[in-house]
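Content type TSV, C-alpha atoms, from the file coords_5.tsv:
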```tsv
chain	number	residue	atom	x	y	z
K	1	MET	CA	169.73	17.71	29.07
K	2	ALA	CA	166.33	18.56	27.59
K	3	ALA	CA	163.28	17.53	29.55
K	4	LYS	CA	160.08	16.35	27.90
K	5	TYR	CA	156.73	17.18	29.47
K	6	THR	CA	153.42	15.41	28.96
K	7	TRP	CA	150.24	17.00	30.29
K	8	SER	CA	146.82	15.75	31.42
K	9	LYS	CA	143.70	17.03	33.18
K	10	LEU	CA	144.07	20.57	31.83
K	11	THR	CA	141.54	23.03	33.30
K	12	LYS	CA	141.06	26.79	33.04
K	13	HIS	CA	138.83	28.91	35.22
K	14	ALA	CA	138.34	32.60	35.91
K	15	PHE	CA	138.47	34.03	39.41
K	16	LEU	CA	137.87	37.39	41.05
K	17	ALA	CA	141.23	39.11	41.64
K	18	GLY	CA	140.13	42.61	42.68
K	19	VAL	CA	137.04	44.67	43.48
K	20	SER	CA	136.40	48.36	44.13
K	21	GLU	CA	134.07	50.17	46.45
K	22	PRO	CA	130.85	51.26	44.69
K	23	HIS	CA	131.04	54.47	42.65
K	24	VAL	CA	127.76	56.41	42.74
K	25	LEU	CA	127.26	58.60	39.65
K	26	GLY	CA	124.39	61.06	39.23
K	27	LYS	CA	122.38	62.13	36.20
K	28	GLY	CA	124.46	62.06	33.02
K	29	GLY	CA	127.01	59.64	34.45
K	30	GLY	CA	130.56	60.70	35.03
K	31	GLY	CA	134.02	59.38	35.63
K	32	PHE	CA	136.08	57.70	38.29
K	33	THR	CA	139.51	56.16	38.65
K	34	ASP	CA	140.07	52.47	39.18
K	35	ALA	CA	140.34	51.66	42.85
K	36	ALA	CA	139.99	47.88	42.73
K	37	GLU	CA	141.73	46.26	45.66
K	38	PRO	CA	143.11	42.70	45.50
K	39	VAL	CA	141.00	39.95	47.07
K	40	PRO	CA	142.10	36.43	48.09
K	41	HIS	CA	142.36	34.13	45.08
K	42	PRO	CA	144.19	31.02	43.82
K	43	LYS	CA	147.98	31.10	43.90
K	44	ALA	CA	150.45	29.95	41.29
K	45	LYS	CA	152.26	26.81	42.42
K	46	VAL	CA	154.01	23.67	41.30
K	47	THR	CA	153.95	20.52	43.40
K	48	VAL	CA	156.02	17.43	42.71
K	49	GLU	CA	154.24	14.30	43.86
K	50	GLN	CA	156.85	11.79	42.69
K	51	GLY	CA	160.43	11.97	41.48
K	52	PRO	CA	163.21	14.54	41.66
K	53	TYR	CA	162.88	18.31	42.09
K	54	VAL	CA	161.78	20.38	39.09
K	55	ASP	CA	162.22	24.13	38.64
K	56	PRO	CA	158.73	25.64	39.19
K	57	ALA	CA	159.33	28.52	36.75
K	58	ALA	CA	160.41	26.08	34.03
K	59	VAL	CA	157.29	23.95	34.58
K	60	VAL	CA	154.99	26.98	34.28
K	61	ARG	CA	156.81	28.11	31.10
K	62	LYS	CA	156.25	24.63	29.64
K	63	LEU	CA	152.57	24.78	30.67
K	64	GLU	CA	152.31	28.17	28.97
K	65	ALA	CA	153.78	26.73	25.76
K	66	TYR	CA	151.51	23.68	25.93
K	67	THR	CA	148.31	25.70	26.38
K	68	ASP	CA	149.35	28.44	23.96
K	69	LEU	CA	148.21	30.99	26.57
K	70	LYS	CA	150.50	33.95	27.02
K	71	ILE	CA	151.62	35.64	30.19
K	72	LEU	CA	151.22	32.88	32.73
K	73	TYR	CA	152.69	33.84	36.08
K	74	GLY	CA	154.41	31.21	38.15
K	75	PRO	CA	155.14	30.97	41.87
K	76	GLY	CA	156.52	34.23	43.30
K	77	GLU	CA	155.74	36.34	40.21
K	78	ILE	CA	153.26	39.25	40.03
K	79	GLU	CA	149.69	38.08	40.45
K	80	PRO	CA	146.42	39.28	38.91
K	81	GLY	CA	144.75	41.96	40.99
K	82	ARG	CA	147.99	43.28	42.41
K	83	SER	CA	148.65	46.84	41.38
K	84	ASP	CA	151.46	47.50	38.94
K	85	GLY	CA	151.30	51.20	39.78
K	86	SER	CA	149.12	52.20	36.81
K	87	VAL	CA	145.88	54.10	37.33
K	88	LEU	CA	142.99	53.76	34.90
K	89	SER	CA	140.11	56.21	34.50
K	90	TYR	CA	136.60	55.29	33.40
K	91	THR	CA	133.69	57.35	32.08
K	92	MET	CA	130.19	55.97	32.37
K	93	PRO	CA	127.40	57.51	30.25
K	94	ALA	CA	124.52	57.15	32.70
K	95	ALA	CA	123.66	57.53	36.37
K	96	GLY	CA	124.14	54.43	38.46
K	97	VAL	CA	126.17	52.59	41.02
K	98	TYR	CA	129.25	51.02	39.44
K	99	VAL	CA	131.91	48.65	40.71
K	100	GLN	CA	135.21	47.84	39.07
K	101	LEU	CA	136.12	44.15	38.95
K	102	LYS	CA	139.47	42.58	38.02
K	103	PHE	CA	139.75	38.97	36.98
K	104	GLY	CA	142.49	36.40	36.71
K	105	GLN	CA	142.53	32.98	35.11
K	106	ALA	CA	144.01	29.87	36.68
K	107	VAL	CA	145.41	27.35	34.23
K	108	GLU	CA	146.32	24.02	35.76
K	109	ALA	CA	147.32	20.54	34.72
K	110	ASP	CA	149.04	17.39	35.88
K	111	PHE	CA	152.47	16.85	34.35
K	112	ARG	CA	155.01	14.11	33.81
K	113	ARG	CA	158.60	15.19	33.14
K	114	THR	CA	161.08	12.78	31.64
K	115	CYS	CA	164.77	13.20	30.90
K	116	ARG	CA	167.38	11.09	29.15
K	117	GLY	CA	170.37	9.64	30.91
K	118	GLY	CA	168.68	7.57	33.58
K	119	VAL	CA	167.10	10.48	35.48
K	120	PRO	CA	163.86	9.22	37.01
K	121	PRO	CA	160.65	10.90	35.82
K	122	SER	CA	158.86	13.51	37.92
K	123	ARG	CA	155.09	13.72	38.27
K	124	GLY	CA	153.18	16.62	39.69
K	125	HIS	CA	150.65	19.40	39.32
K	126	ALA	CA	151.17	22.94	38.02
K	127	VAL	CA	149.02	26.04	38.44
K	128	GLY	CA	149.83	29.15	36.44
K	129	LEU	CA	147.92	32.41	36.60
K	130	ARG	CA	147.27	35.08	34.03
K	131	VAL	CA	145.61	38.47	34.03
K	132	TYR	CA	142.21	37.91	32.47
K	133	GLY	CA	140.92	41.46	32.35
K	134	GLY	CA	138.37	43.53	34.15
K	135	SER	CA	135.01	45.12	33.83
K	136	THR	CA	132.96	47.95	35.22
K	137	LEU	CA	129.65	46.51	36.37
K	138	ASP	CA	126.43	48.44	36.95
K	139	CYS	CA	124.84	47.30	40.21
K	140	THR	CA	121.42	47.60	38.53
K	141	GLU	CA	122.31	44.79	36.11
K	142	ALA	CA	122.74	41.09	36.88
K	143	PRO	CA	126.16	39.75	35.81
K	144	GLU	CA	124.42	37.15	33.61
K	145	ALA	CA	122.72	39.92	31.59
K	146	ALA	CA	126.00	41.61	30.64
K	147	THR	CA	127.66	40.75	27.33
K	148	TRP	CA	131.33	41.33	28.24
K	149	HIS	CA	131.82	37.86	29.78
K	150	ASP	CA	131.01	36.01	26.56
K	151	LYS	CA	128.94	33.45	28.52
K	152	ASP	CA	132.01	32.08	30.36
K	153	ARG	CA	130.37	30.52	33.43
K	154	THR	CA	133.50	30.83	35.57
K	155	LEU	CA	133.72	34.54	34.72
K	156	VAL	CA	130.04	35.05	35.58
K	157	ALA	CA	130.60	33.28	38.92
K	158	ALA	CA	133.60	35.51	39.63
K	159	ALA	CA	131.53	38.59	38.74
K	160	ARG	CA	128.75	37.43	41.08
K	161	LYS	CA	131.28	37.15	43.89
K	162	GLY	CA	132.46	40.73	43.20
K	163	VAL	CA	128.89	42.03	43.08
K	164	ARG	CA	128.08	40.40	46.44
K	165	ALA	CA	131.17	42.04	47.93
K	166	ALA	CA	130.65	45.55	46.55
K	167	CYS	CA	127.11	46.40	45.41
K	168	PRO	CA	124.75	47.97	47.96
K	169	SER	CA	122.10	45.79	49.57
K	170	GLY	CA	118.97	45.58	47.41
K	171	SER	CA	120.85	46.09	44.12
K	172	ARG	CA	119.36	44.27	41.12
K	173	ALA	CA	122.78	42.78	40.45
K	174	LEU	CA	122.45	40.79	43.67
K	175	GLY	CA	119.36	39.00	42.35
K	176	LYS	CA	116.57	37.73	44.51
K	177	SER	CA	117.43	36.96	48.10
```
Represent the supplied structure as structure tokens.
Amino acid sequence: MAAKYTWSKLTKHAFLAGVSEPHVLGKGGGGFTDAAEPVPHPKAKVTVEQGPYVDPAAVVRKLEAYTDLKILYGPGEIEPGRSDGSVLSYTMPAAGVYVQLKFGQAVEADFRRTCRGGVPPSRGHAVGLRVYGGSTLDCTEAPEAATWHDKDRTLVAAARKGVRAACPSGSRALGKS
């Protein structure tokens, strides 16, 4: 029996999923390996507010199809910021204090699921997560001044949170106190 989903109140927002300790590089820059550690962030979940049980993984797959966003993780699946065992190396061209930030994106919406055959509809809310990327940020530069975030306000806010957690006190990236 095929279920039909209708969606409302779709929202997407970036969040900080991981942050490294500061990497201090001298004249001429240098390299370092990614050491971003996961930080608390939103969790994937599906809640049913009315009607019969729905399979959370199926709901998130339907949300993924509806939004046309790939690689949404549902409840219990790997989450952004969690290590998959890979190690990345970075080379920075200039001296500075750098932090590595990892981001996720929460995609959420209310849903209504209907089925044929007299099965009552289900209503609820779904949150899926996806890996949104990462960036190496220079603690001498405010997150708003960087170009990598493409002016996404939620990504800038997540970067600010990472900067506050990792950049040394007095860094330009922290802004005015």
A straight line from CA of His125 (chain K) to CA of Pro38 (chain K) spans 25.3 Å
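Considering only C-alpha atoms, the residue among K:Ala158, K:Val163, K:Ala94, K:Val19 positioned nearest to Ala35 (chain K) is K:Val19.
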Considering only C-alpha atoms, can you say which of K:Ala109, K:Val119, K:Val46, K:Ala142 comes closest to Ala173 (chain K)? K:Ala142
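Considering the residues K:Val24, K:Ala58, K:Ala14, K:Ala166 and counting all atoms listed in the file, Ala126 (chain K) has its shortest atom-to-atom contact with K:Ala58.
Of the listed residues K:Glu108, K:Asp55, K:Glu21, K:Glu37, the one whose atoms come nearest to Leu129 (chain K) is K:Glu108, with distances taken using only C-alpha atoms.
Here CA of Gly162 (chain K) is placed at a distance of 24.2 Å from CA of Lys45 (chain K).
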Hey, what's within 8 Å of Val60 (chain K) if we count only C-alpha atoms and toss same-chain stuff fewer than 2 positions away? As a ChimeraX atom specification, please? /K:46,56-58,62-64,72-74,126-128
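Closest to Tyr66 (chain K) among K:Gly133, K:Thr6, K:Arg164, K:Val156 is K:Thr6, based on only C-alpha atoms.
Rounded to one decimal, CA of Met92 (chain K) and CA of Leu25 (chain K) lie 8.3 Å from each other.
In this comparison, which uses all atoms listed in the file, the residue of K:Cys139, K:Val97, K:Ala2, K:Val59 approaching Phe111 (chain K) most closely is K:Val59.
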